[in-house]
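Engineer: Sharing coords12.cif, mmCIF, C-alpha atoms:
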data_upload
#
loop_
_atom_site.label_atom_id
_atom_site.label_comp_id
_atom_site.auth_asym_id
_atom_site.auth_seq_id
_atom_site.Cartn_x
_atom_site.Cartn_y
_atom_site.Cartn_z
CA MET A 1 0.00 0.00 0.00
CA ARG A 2 1.26 3.47 -0.90
CA ILE A 3 1.19 6.15 1.79
CA GLY A 4 0.94 9.83 0.92
CA VAL A 5 0.16 13.14 2.59
CA MET A 6 -2.21 15.97 1.80
CA ILE A 7 -0.45 19.31 1.35
CA GLY A 8 -2.50 22.47 1.73
CA PRO A 9 -4.53 24.49 2.08
CA GLU A 10 -2.41 26.85 4.15
CA LYS A 11 -3.26 30.08 5.89
CA GLY A 12 -1.54 33.39 5.22
CA ASP A 13 -0.77 35.49 2.18
CA SER A 14 -0.12 33.84 -1.16
CA GLY A 15 3.68 34.18 -1.07
CA ARG A 16 4.19 32.64 2.36
CA LYS A 17 1.56 30.01 1.68
CA LEU A 18 3.34 28.81 -1.45
CA GLU A 19 6.69 28.77 0.35
CA ARG A 20 5.26 26.51 3.09
CA MET A 21 3.70 24.15 0.56
CA LEU A 22 6.99 23.88 -1.33
CA ARG A 23 8.83 23.15 1.91
CA ASP A 24 6.26 20.49 2.72
CA ILE A 25 6.64 18.75 -0.64
CA GLU A 26 10.42 18.80 -0.33
CA TRP A 27 10.05 17.16 3.09
CA ALA A 28 7.59 14.56 1.73
CA GLU A 29 10.00 13.52 -1.01
CA SER A 30 13.04 13.45 1.28
CA ALA A 31 11.07 11.40 3.86
CA GLY A 32 10.31 8.74 1.26
CA MET A 33 6.56 9.32 0.96
CA ASP A 34 5.02 7.71 -2.10
CA THR A 35 2.52 10.43 -2.99
CA ALA A 36 1.32 13.91 -2.12
CA TRP A 37 -2.27 15.00 -2.70
CA ILE A 38 -3.19 18.63 -3.28
CA PRO A 39 -6.79 19.54 -2.43
CA GLN A 40 -8.69 21.83 -4.80
CA ILE A 41 -10.99 23.93 -2.64
CA PRO A 42 -13.01 26.98 -3.71
CA THR A 43 -11.01 29.50 -1.68
CA ASP A 44 -7.45 28.52 -2.43
CA PHE A 45 -4.71 27.90 -4.99
CA ASP A 46 -5.30 26.07 -8.24
CA ALA A 47 -4.13 22.51 -7.54
CA LEU A 48 -2.61 21.83 -10.97
CA ILE A 49 -0.60 25.04 -11.02
CA THR A 50 0.62 24.21 -7.51
CA ILE A 51 1.67 20.75 -8.72
CA ALA A 52 3.59 22.29 -11.62
CA ALA A 53 5.55 24.35 -9.07
CA MET A 54 6.06 21.32 -6.85
CA GLY A 55 7.24 19.29 -9.82
CA LEU A 56 10.13 21.67 -10.33
CA LYS A 57 11.19 21.17 -6.68
CA THR A 58 11.06 17.36 -6.67
CA SER A 59 12.16 14.43 -8.79
CA ARG A 60 10.44 11.25 -7.56
CA ILE A 61 7.22 11.66 -5.58
CA GLU A 62 3.84 11.26 -7.31
CA LEU A 63 1.75 14.45 -7.22
CA GLY A 64 -2.04 14.14 -7.24
CA THR A 65 -5.04 16.46 -7.28
CA ALA A 66 -7.84 15.69 -4.83
CA VAL A 67 -9.85 16.78 -6.70
CA VAL A 68 -10.38 19.20 -9.60
CA PRO A 69 -14.10 20.04 -10.04
CA LEU A 70 -15.16 19.23 -13.59
CA GLN A 71 -17.82 21.89 -14.10
CA ALA A 72 -15.42 24.81 -13.68
CA GLN A 73 -13.68 24.29 -17.04
CA HIS A 74 -14.10 22.68 -20.43
CA PRO A 75 -12.54 19.20 -20.70
CA ILE A 76 -10.15 20.36 -23.42
CA ALA A 77 -8.95 23.17 -21.14
CA LEU A 78 -8.45 20.69 -18.31
CA ALA A 79 -6.61 18.28 -20.61
CA ARG A 80 -4.21 21.05 -21.69
CA GLN A 81 -3.64 22.13 -18.09
CA ALA A 82 -3.11 18.58 -16.86
CA LEU A 83 -0.69 17.71 -19.68
CA SER A 84 1.26 20.89 -18.95
CA ALA A 85 1.50 20.15 -15.20
CA HIS A 86 2.37 16.53 -15.99
CA ALA A 87 5.27 17.67 -18.16
CA ALA A 88 6.47 20.15 -15.51
CA ALA A 89 6.43 17.33 -12.95
CA GLY A 90 8.37 14.97 -15.20
CA GLY A 91 5.40 12.65 -15.73
CA ARG A 92 4.42 12.32 -12.04
CA LEU A 93 0.87 13.71 -12.06
CA ALA A 94 -2.14 11.70 -10.91
CA LEU A 95 -5.18 13.66 -12.04
CA GLY A 96 -8.00 13.40 -9.51
CA VAL A 97 -11.27 14.92 -10.75
CA GLY A 98 -14.91 14.85 -9.79
CA PRO A 99 -18.34 16.45 -10.18
CA SER A 100 -17.97 18.25 -6.84
CA HIS A 101 -21.04 19.23 -4.78
CA HIS A 102 -24.14 21.34 -5.26
CA TRP A 103 -22.98 23.94 -2.72
CA ILE A 104 -19.84 24.59 -4.80
CA VAL A 105 -21.08 24.22 -8.37
CA ARG A 106 -24.58 25.69 -8.04
CA ASP A 107 -24.39 27.96 -5.00
CA MET A 108 -20.85 29.36 -5.45
CA LEU A 109 -20.23 29.20 -9.20
CA GLY A 110 -23.82 29.64 -10.36
CA LEU A 111 -23.59 26.65 -12.72
CA PRO A 112 -26.13 23.86 -13.22
CA TYR A 113 -25.78 20.80 -11.00
CA GLU A 114 -28.09 18.37 -12.72
CA LYS A 115 -27.29 14.71 -13.42
CA PRO A 116 -23.67 15.00 -12.22
CA ALA A 117 -22.93 11.34 -12.99
CA ALA A 118 -24.09 11.63 -16.61
CA TYR A 119 -22.11 14.86 -16.94
CA THR A 120 -19.02 13.10 -15.57
CA ARG A 121 -19.38 10.23 -18.04
CA ASP A 122 -19.62 12.61 -21.00
CA TYR A 123 -16.80 14.80 -19.67
CA LEU A 124 -14.45 11.84 -19.26
CA GLU A 125 -15.03 10.79 -22.86
CA VAL A 126 -13.60 14.12 -24.01
CA LEU A 127 -10.93 14.37 -21.30
CA ASN A 128 -9.57 10.88 -21.94
CA ALA A 129 -9.38 11.60 -25.65
CA GLY A 130 -7.51 14.81 -24.92
CA LEU A 131 -5.03 13.06 -22.62
CA ALA A 132 -4.42 10.17 -24.99
CA GLY A 133 -1.90 11.94 -27.19
CA SER A 134 -1.47 14.54 -29.87
CA GLY A 135 -3.99 14.66 -32.64
CA SER A 136 -7.54 15.78 -33.13
CA VAL A 137 -10.04 15.27 -30.31
CA ASP A 138 -13.33 14.36 -31.97
CA VAL A 139 -16.11 13.51 -29.52
CA GLU A 140 -19.84 14.02 -29.76
CA ASN A 141 -22.12 12.99 -26.92
CA GLU A 142 -25.18 14.38 -25.14
CA THR A 143 -23.18 17.13 -23.40
CA PHE A 144 -20.24 17.97 -25.67
CA THR A 145 -19.57 18.38 -29.37
CA VAL A 146 -15.81 18.69 -29.68
CA HIS A 147 -13.60 18.79 -32.77
CA ASN A 148 -10.38 20.22 -31.40
CA PRO A 149 -6.80 19.79 -32.67
CA LEU A 150 -4.33 19.16 -29.86
CA ASP A 151 -0.58 18.96 -30.31
CA LEU A 152 0.19 17.91 -26.72
CA GLY A 153 0.81 14.35 -25.60
CA PRO A 154 1.58 12.91 -22.16
CA VAL A 155 5.28 12.60 -21.29
CA ALA A 156 4.41 9.42 -19.37
CA PRO A 157 1.20 7.52 -18.56
CA LEU A 158 -1.18 9.90 -16.78
CA PRO A 159 -3.60 8.17 -14.39
CA VAL A 160 -7.06 9.68 -13.98
CA LEU A 161 -8.90 9.06 -10.71
CA ILE A 162 -12.53 9.94 -10.04
CA ALA A 163 -14.08 11.12 -6.78
CA ALA A 164 -16.64 8.32 -6.91
CA LEU A 165 -18.90 7.84 -3.90
CA GLY A 166 -22.16 6.31 -5.14
CA PRO A 167 -22.81 3.17 -7.20
CA VAL A 168 -23.19 4.93 -10.56
CA MET A 169 -20.05 7.01 -10.09
CA LEU A 170 -18.09 3.94 -8.98
CA ARG A 171 -19.19 2.16 -12.15
CA ILE A 172 -18.05 5.13 -14.25
CA ALA A 173 -14.71 5.22 -12.42
CA GLY A 174 -14.16 1.54 -13.06
CA GLU A 175 -15.12 1.77 -16.73
CA GLN A 176 -13.42 5.02 -17.72
CA ALA A 177 -10.72 5.83 -15.17
CA ASP A 178 -7.83 4.32 -13.22
CA GLY A 179 -9.42 4.41 -9.79
CA THR A 180 -11.09 6.60 -7.20
CA VAL A 181 -10.10 9.23 -4.65
CA LEU A 182 -12.21 8.96 -1.49
CA TRP A 183 -13.07 11.13 1.49
CA MET A 184 -15.46 10.14 4.30
CA ALA A 185 -15.15 6.41 3.55
CA ASP A 186 -14.34 4.08 6.44
CA GLU A 187 -13.04 0.51 6.22
CA ARG A 188 -16.51 -1.01 5.97
CA ALA A 189 -17.61 1.36 3.22
CA ILE A 190 -14.46 0.58 1.24
CA ALA A 191 -14.65 -3.19 1.69
CA ASP A 192 -18.39 -3.65 1.18
CA HIS A 193 -19.33 -0.77 -1.13
CA VAL A 194 -16.39 0.76 -3.00
CA VAL A 195 -14.14 -2.19 -3.82
CA PRO A 196 -16.79 -4.60 -5.15
CA LYS A 197 -18.48 -2.04 -7.38
CA ILE A 198 -15.46 -0.34 -8.89
CA SER A 199 -13.54 -3.60 -9.29
CA LYS A 200 -16.40 -5.31 -11.11
CA ALA A 201 -16.84 -2.34 -13.43
CA ALA A 202 -13.13 -2.29 -14.25
CA ALA A 203 -13.04 -6.04 -14.87
CA ASP A 204 -16.14 -5.93 -17.07
CA ALA A 205 -14.52 -3.13 -19.11
CA GLY A 206 -11.26 -5.05 -19.45
CA ARG A 207 -9.33 -2.52 -17.41
CA PRO A 208 -6.66 -3.20 -14.74
CA ALA A 209 -7.57 -3.37 -11.07
CA PRO A 210 -8.37 0.20 -9.95
CA ARG A 211 -6.48 2.29 -7.46
CA ILE A 212 -8.49 3.15 -4.34
CA VAL A 213 -7.14 6.19 -2.51
CA ALA A 214 -8.57 6.64 0.99
CA GLY A 215 -8.27 10.11 2.50
CA LEU A 216 -7.99 10.05 6.31
CA PRO A 217 -7.18 12.48 9.12
CA VAL A 218 -4.40 11.14 11.36
CA CYS A 219 -3.23 12.43 14.74
CA LEU A 220 -0.35 11.07 16.80
CA CYS A 221 -1.25 11.71 20.45
CA GLU A 222 -1.46 10.16 23.88
CA PRO A 223 -4.33 7.65 24.17
CA SER A 224 -5.93 9.96 26.74
CA ARG A 225 -6.29 12.66 24.05
CA VAL A 226 -7.91 10.54 21.32
CA ASP A 227 -11.37 11.97 22.03
CA GLU A 228 -9.92 15.48 21.87
CA ALA A 229 -8.34 14.71 18.48
CA LYS A 230 -11.60 13.35 17.12
CA ALA A 231 -13.46 16.44 18.36
CA ARG A 232 -10.88 18.63 16.63
CA ALA A 233 -11.38 16.69 13.40
CA ASN A 234 -15.11 17.34 13.62
CA ARG A 235 -14.52 21.01 14.34
CA ILE A 236 -12.13 21.82 11.48
CA LEU A 237 -13.09 19.20 8.88
CA GLY A 238 -16.77 18.60 9.58
CA GLU A 239 -18.16 20.93 6.92
CA ALA A 240 -17.96 18.08 4.42
CA GLU A 241 -20.69 16.26 6.30
CA VAL A 242 -23.33 18.73 5.05
CA SER A 243 -23.00 17.27 1.54
CA PRO A 244 -25.63 14.70 0.57
CA ASN A 245 -22.91 12.87 -1.39
CA TYR A 246 -20.82 12.36 1.73
CA GLN A 247 -23.85 11.57 3.84
CA ARG A 248 -24.78 8.72 1.52
CA LEU A 249 -21.21 7.40 1.69
CA LEU A 250 -21.24 7.52 5.49
CA GLU A 251 -24.38 5.39 5.40
CA GLN A 252 -22.39 2.67 3.63
CA GLY A 253 -20.04 2.34 6.60
CA SER A 254 -20.01 2.52 10.38
CA ALA A 255 -18.64 6.06 10.88
CA ARG A 256 -21.06 8.84 11.75
CA ASP A 257 -18.75 11.77 11.06
CA ILE A 258 -15.17 12.72 10.24
CA GLY A 259 -14.23 12.35 13.90
CA ASP A 260 -15.08 8.65 13.73
CA LEU A 261 -12.85 8.37 10.66
CA CYS A 262 -9.90 10.06 12.36
CA ILE A 263 -7.11 7.60 13.19
CA ALA A 264 -5.66 8.90 16.45
CA GLY A 265 -3.52 7.61 19.28
CA SER A 266 -0.13 5.93 19.59
CA GLU A 267 2.08 4.90 16.70
CA GLU A 268 0.94 1.30 17.17
CA GLN A 269 -2.74 2.31 17.09
CA ILE A 270 -2.23 4.36 13.93
CA ALA A 271 -0.29 1.60 12.18
CA ALA A 272 -3.06 -0.87 13.05
CA GLY A 273 -5.69 1.55 11.72
CA LEU A 274 -3.88 1.97 8.41
CA ARG A 275 -3.50 -1.81 8.08
CA ARG A 276 -7.26 -2.17 8.45
CA TYR A 277 -7.68 0.06 5.39
CA ALA A 278 -5.19 -2.03 3.46
CA ASP A 279 -7.12 -5.16 4.43
CA ALA A 280 -10.34 -3.46 3.27
CA GLY A 281 -8.88 -2.97 -0.19
CA ALA A 282 -7.39 0.54 -0.18
CA THR A 283 -4.33 0.69 -2.41
CA ASP A 284 -3.30 4.15 -1.23
CA ILE A 285 -3.74 6.24 1.90
CA SER A 286 -3.78 10.03 1.69
CA VAL A 287 -3.03 11.28 5.20
CA ARG A 288 -4.51 14.58 6.33
CA LEU A 289 -2.15 15.51 9.17
CA LEU A 290 -4.22 16.61 12.17
CA PRO A 291 -2.05 18.29 14.81
CA ILE A 292 -3.25 18.75 18.37
CA GLY A 293 -2.24 21.36 20.94
CA ASP A 294 -3.23 24.40 22.95
CA ASN A 295 -1.10 26.96 21.09
CA ARG A 296 0.76 27.44 17.83
CA ASP A 297 4.05 25.98 19.07
CA GLU A 298 2.31 22.83 20.30
CA LEU A 299 0.43 22.48 17.01
CA VAL A 300 3.63 22.83 14.98
CA ALA A 301 5.40 20.26 17.14
CA SER A 302 2.45 17.88 16.89
CA LYS A 303 2.41 18.13 13.08
CA GLN A 304 6.14 17.42 12.98
CA ARG A 305 5.82 14.33 15.19
CA THR A 306 2.84 13.01 13.25
CA ARG A 307 4.43 13.36 9.85
CA GLU A 308 7.68 11.74 10.99
CA MET A 309 5.67 8.84 12.37
CA ILE A 310 3.73 8.52 9.09
CA ALA A 311 6.98 8.42 7.12
CA ALA A 312 8.23 5.58 9.34
CA ILE A 313 4.99 3.63 9.01
CA ALA A 314 5.05 4.10 5.23
CA GLN A 315 8.32 2.18 5.09
CA GLU A 316 6.73 -0.72 7.04
CA LEU A 317 3.55 -0.90 4.97
CA ARG A 318 5.15 -0.56 1.55
#
Would you mind writing the structure in this file as structure tokens?
Structural biologist:
Amino acid sequence: MRIGVMIGPEKGDSGRKLERMLRDIEWAESAGMDTAWIPQIPTDFDALITIAAMGLKTSRIELGTAVVPLQAQHPIALARQALSAHAAAGGRLALGVGPSHHWIVRDMLGLPYEKPAAYTRDYLEVLNAGLAGSGSVDVENETFTVHNPLDLGPVAPLPVLIAALGPVMLRIAGEQADGTVLWMADERAIADHVVPKISKAAADAGRPAPRIVAGLPVCLCEPSRVDEAKARANRILGEAEVSPNYQRLLEQGSARDIGDLCIAGSEEQIAAGLRRYADAGATDISVRLLPIGDNRDELVASKQRTREMIAAIAQELR
């Protein structure tokens, strides 16, 4: 199983924020992490441009988006941007995309949010054609009519992963993509819901076994502070629970909220928690470092301890 870390978003002005993210990616590569996942949230940096900058600072680590909302740009524009970032990173991009949520697409961007699964299927038909190599992209479906010359080709294979939570989206991810990027999925949801559906779809389409990337908050702390860590996870990460998409995914597992999903405690407890996800069928873990403390210095020290522990565990689980 591959272990990676989420990098960003960061607080502060744009210059200092970028400097911290570049320091973090340099640490992740030097620590031997397999992957780094860059969230794309409405209020922060463009994930693909950030990855292009990170690619120039690193030479080995895989760099993934988690995830780029599809509705915000035409699939040809996204293909061009992804191929450009992929080249800047020396062929190390993993493109995570998804149809996002109604409160981003409709409420923030003012765009339609109807039949997101059908839109994703049509979008991927164009995007995959655009990523396949130089030449004309000629696709006509219910959503797009595209006849676009494109002189770009991938410098190396470029995996596409879909934020697939429900049965229809998991089928699309298995049929048309290389895997899925998850958030709010516990071990039970992965083992009983995600793995069977996406794996069957991939097999039926003649595709390789899909990657399954599980995003999880992790906090190294004394066992007596586990409840505090879970409460902190709910406080700073709980906004995702208002999404019907995530609510339906939670119903597939045993967790009630992001606090239940948080893996917290000693190094042994965290290693055991990550192994449970491997046993459930996750091929990758994307760790959202969750520091704990009463002031900034304690939070910084907690983040440092947690990420060093994750790097050590990654060597054991690889």
Engineer: With the file shown as input, list the residues that the PyMOL selection byres ((chain A and resi 54) around 12) selects, as a PyMOL selection string.
Structural biologist: chain A and resi 7+18-29+36-38+47-53+55-64+85-90+92-93
Engineer: Name the residues within 12 Å of (-12.6, 20.5, 12.1), counting only C-alpha atoms in the file's coordinates, and put them as a list in words.
Structural biologist: Pro217, Glu228, Ala229, Lys230, Ala231, Arg232, Ala233, Asn234, Arg235, Ile236, Leu237, Gly238, Glu239, Ala240, Glu241, Asp257, Ile258, Gly259, Cys262, Arg288, Leu289, Leu290, Pro291 and Ile292 of chain A
Engineer: Can you spell out as a ChimeraX atom specification the set of residues that the PyMOL selection byres ((chain A and resi 175) around 6) selects in the structure I just provided?
Structural biologist: /A:172-174,176,201-202,205
Engineer: To one decimal place, how far is atom CA of A:Pro244 from atom CA of A:His193 in Å?
Structural biologist: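 Straight-line distance from atom CA of A:Pro244 to atom CA of A:His193 works out to 16.8 Å.
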Engineer: Between A:Ile76, A:Ile313, A:Val181, A:Ile104, single out the one closest to A:Val137, counting only C-alpha atoms.
Structural biologist: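 Of A:Ile76, A:Ile313, A:Val181, A:Ile104, the one nearest A:Val137 is A:Ile76, counting only C-alpha atoms.
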Engineer: Check the smallest atom-to-atom distance from each of A:Val287, A:Ala72, A:Leu161, A:Met108 to A:Ile198 using all atoms listed in the file, then report the winner.
Structural biologist: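 Between A:Val287, A:Ala72, A:Leu161, A:Met108, the residue approaching A:Ile198 most closely is A:Leu161.
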Engineer: Pull the neighbourhood of (-14.1, -0.3, -9.0) for me: all residues within 12 Å in file coordinates, counting all atoms listed in the file, as a PyMOL selection string.
Structural biologist: chain A and resi 161-181+190-213+281-283
Engineer: Would you save the residues of that selection, restricted to C-alpha atoms, as a PDB file, in the coordinates of the input?
Structural biologist:
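The resulting file, again-v9.pdb, is shown below:
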ATOM      1  CA  LEU A 161      -8.900   9.060 -10.710  1.00  0.00           C
ATOM      2  CA  ILE A 162     -12.530   9.940 -10.040  1.00  0.00           C
ATOM      3  CA  ALA A 163     -14.080  11.120  -6.780  1.00  0.00           C
ATOM      4  CA  ALA A 164     -16.640   8.320  -6.910  1.00  0.00           C
ATOM      5  CA  LEU A 165     -18.900   7.840  -3.900  1.00  0.00           C
ATOM      6  CA  GLY A 166     -22.160   6.310  -5.140  1.00  0.00           C
ATOM      7  CA  PRO A 167     -22.810   3.170  -7.200  1.00  0.00           C
ATOM      8  CA  VAL A 168     -23.190   4.930 -10.560  1.00  0.00           C
ATOM      9  CA  MET A 169     -20.050   7.010 -10.090  1.00  0.00           C
ATOM     10  CA  LEU A 170     -18.090   3.940  -8.980  1.00  0.00           C
ATOM     11  CA  ARG A 171     -19.190   2.160 -12.150  1.00  0.00           C
ATOM     12  CA  ILE A 172     -18.050   5.130 -14.250  1.00  0.00           C
ATOM     13  CA  ALA A 173     -14.710   5.220 -12.420  1.00  0.00           C
ATOM     14  CA  GLY A 174     -14.160   1.540 -13.060  1.00  0.00           C
ATOM     15  CA  GLU A 175     -15.120   1.770 -16.730  1.00  0.00           C
ATOM     16  CA  GLN A 176     -13.420   5.020 -17.720  1.00  0.00           C
ATOM     17  CA  ALA A 177     -10.720   5.830 -15.170  1.00  0.00           C
ATOM     18  CA  ASP A 178      -7.830   4.320 -13.220  1.00  0.00           C
ATOM     19  CA  GLY A 179      -9.420   4.410  -9.790  1.00  0.00           C
ATOM     20  CA  THR A 180     -11.090   6.600  -7.200  1.00  0.00           C
ATOM     21  CA  VAL A 181     -10.100   9.230  -4.650  1.00  0.00           C
ATOM     22  CA  ILE A 190     -14.460   0.580   1.240  1.00  0.00           C
ATOM     23  CA  ALA A 191     -14.650  -3.190   1.690  1.00  0.00           C
ATOM     24  CA  ASP A 192     -18.390  -3.650   1.180  1.00  0.00           C
ATOM     25  CA  HIS A 193     -19.330  -0.770  -1.130  1.00  0.00           C
ATOM     26  CA  VAL A 194     -16.390   0.760  -3.000  1.00  0.00           C
ATOM     27  CA  VAL A 195     -14.140  -2.190  -3.820  1.00  0.00           C
ATOM     28  CA  PRO A 196     -16.790  -4.600  -5.150  1.00  0.00           C
ATOM     29  CA  LYS A 197     -18.480  -2.040  -7.380  1.00  0.00           C
ATOM     30  CA  ILE A 198     -15.460  -0.340  -8.890  1.00  0.00           C
ATOM     31  CA  SER A 199     -13.540  -3.600  -9.290  1.00  0.00           C
ATOM     32  CA  LYS A 200     -16.400  -5.310 -11.110  1.00  0.00           C
ATOM     33  CA  ALA A 201     -16.840  -2.340 -13.430  1.00  0.00           C
ATOM     34  CA  ALA A 202     -13.130  -2.290 -14.250  1.00  0.00           C
ATOM     35  CA  ALA A 203     -13.040  -6.040 -14.870  1.00  0.00           C
ATOM     36  CA  ASP A 204     -16.140  -5.930 -17.070  1.00  0.00           C
ATOM     37  CA  ALA A 205     -14.520  -3.130 -19.110  1.00  0.00           C
ATOM     38  CA  GLY A 206     -11.260  -5.050 -19.450  1.00  0.00           C
ATOM     39  CA  ARG A 207      -9.330  -2.520 -17.410  1.00  0.00           C
ATOM     40  CA  PRO A 208      -6.660  -3.200 -14.740  1.00  0.00           C
ATOM     41  CA  ALA A 209      -7.570  -3.370 -11.070  1.00  0.00           C
ATOM     42  CA  PRO A 210      -8.370   0.200  -9.950  1.00  0.00           C
ATOM     43  CA  ARG A 211      -6.480   2.290  -7.460  1.00  0.00           C
ATOM     44  CA  ILE A 212      -8.490   3.150  -4.340  1.00  0.00           C
ATOM     45  CA  VAL A 213      -7.140   6.190  -2.510  1.00  0.00           C
ATOM     46  CA  GLY A 281      -8.880  -2.970  -0.190  1.00  0.00           C
ATOM     47  CA  ALA A 282      -7.390   0.540  -0.180  1.00  0.00           C
ATOM     48  CA  THR A 283      -4.330   0.690  -2.410  1.00  0.00           C
TER      49      THR A 283
END
Engineer: Out of A:Leu83, A:Val218, A:Val97, A:Ala272, which residue has the shortest atom-to-atom distance to A:Ser302 when counting only C-alpha atoms?
Structural biologist: A:Val218
Engineer: Name the closest residue to A:Gly8 among the candidates A:Ser30, A:Asn295, A:Thr65, A:Gln247; distances are taken between atoms, counting all atoms listed in the file.
Structural biologist: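 The closest residue to A:Gly8 is A:Thr65.
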Engineer: Would you kindly return, as a VMD selection string, each protein, DNA or RNA residue with an atom no farther than 12 Å from any atom of A:Ser134, considering all atoms listed in the file and excluding same-chain residues fewer than 3 positions away?
Structural biologist: chain A and resid 79 to 80 83 128 to 131 137 148 to 155
Engineer: Go through A:Thr145, A:Thr35, A:Pro99, A:Pro42 one by one, measure the shortest atom-to-atom distance of each to A:Pro9 using all atoms listed in the file, and give the residue with the smallest value.
Structural biologist: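 So, comparing all the options, the nearest one is A:Pro42.
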Engineer: Could you give me, as a list of chain:residue names, the residues within 12 Å of A:Glu316, counting all atoms listed in the file and dropping anything in the same chain fewer than 6 positions from it?
Structural biologist: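 So, after excluding close chain neighbours, the residues are A:Met1, A:Arg2, A:Ile3, A:Gly32, A:Met33, A:Glu268, A:Ala271, A:Ala272, A:Leu274, A:Arg275, A:Met309, A:Ile310.
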Engineer: Mind giving me the straight-line distance from atom CA of A:Val105 to atom CA of A:Ala189 in Å, one decimal?
Structural biologist: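 Pair atom CA of A:Val105 / atom CA of A:Ala189 returns 25.9 Å.
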Engineer: Select, from A:Leu216, A:Met184, A:Ile41, A:Ala66, the residue with the minimum atom-to-atom distance to A:Trp103, counting only C-alpha atoms.
Structural biologist: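 Nearest candidate to A:Trp103 out of A:Leu216, A:Met184, A:Ile41, A:Ala66: A:Ile41.
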Engineer: So how many Å separate atom CA of A:Tyr277 and atom CA of A:Arg225, to one decimal?
Structural biologist: 22.6 Å
Engineer: With only C-alpha atoms as the counted atoms, please give the residues lying no more than 9 Å from A:Pro116, apart from itself and same-chain residues fewer than 5 positions off, as a VMD selection string.
Structural biologist: chain A and resid 99 to 101 121
Engineer: Please write the residues picked by the PyMOL selection byres ((chain A and resi 254) around 9) on this file as a PyMOL selection string.
Structural biologist: chain A and resi 186-189+250-253+255-256+260
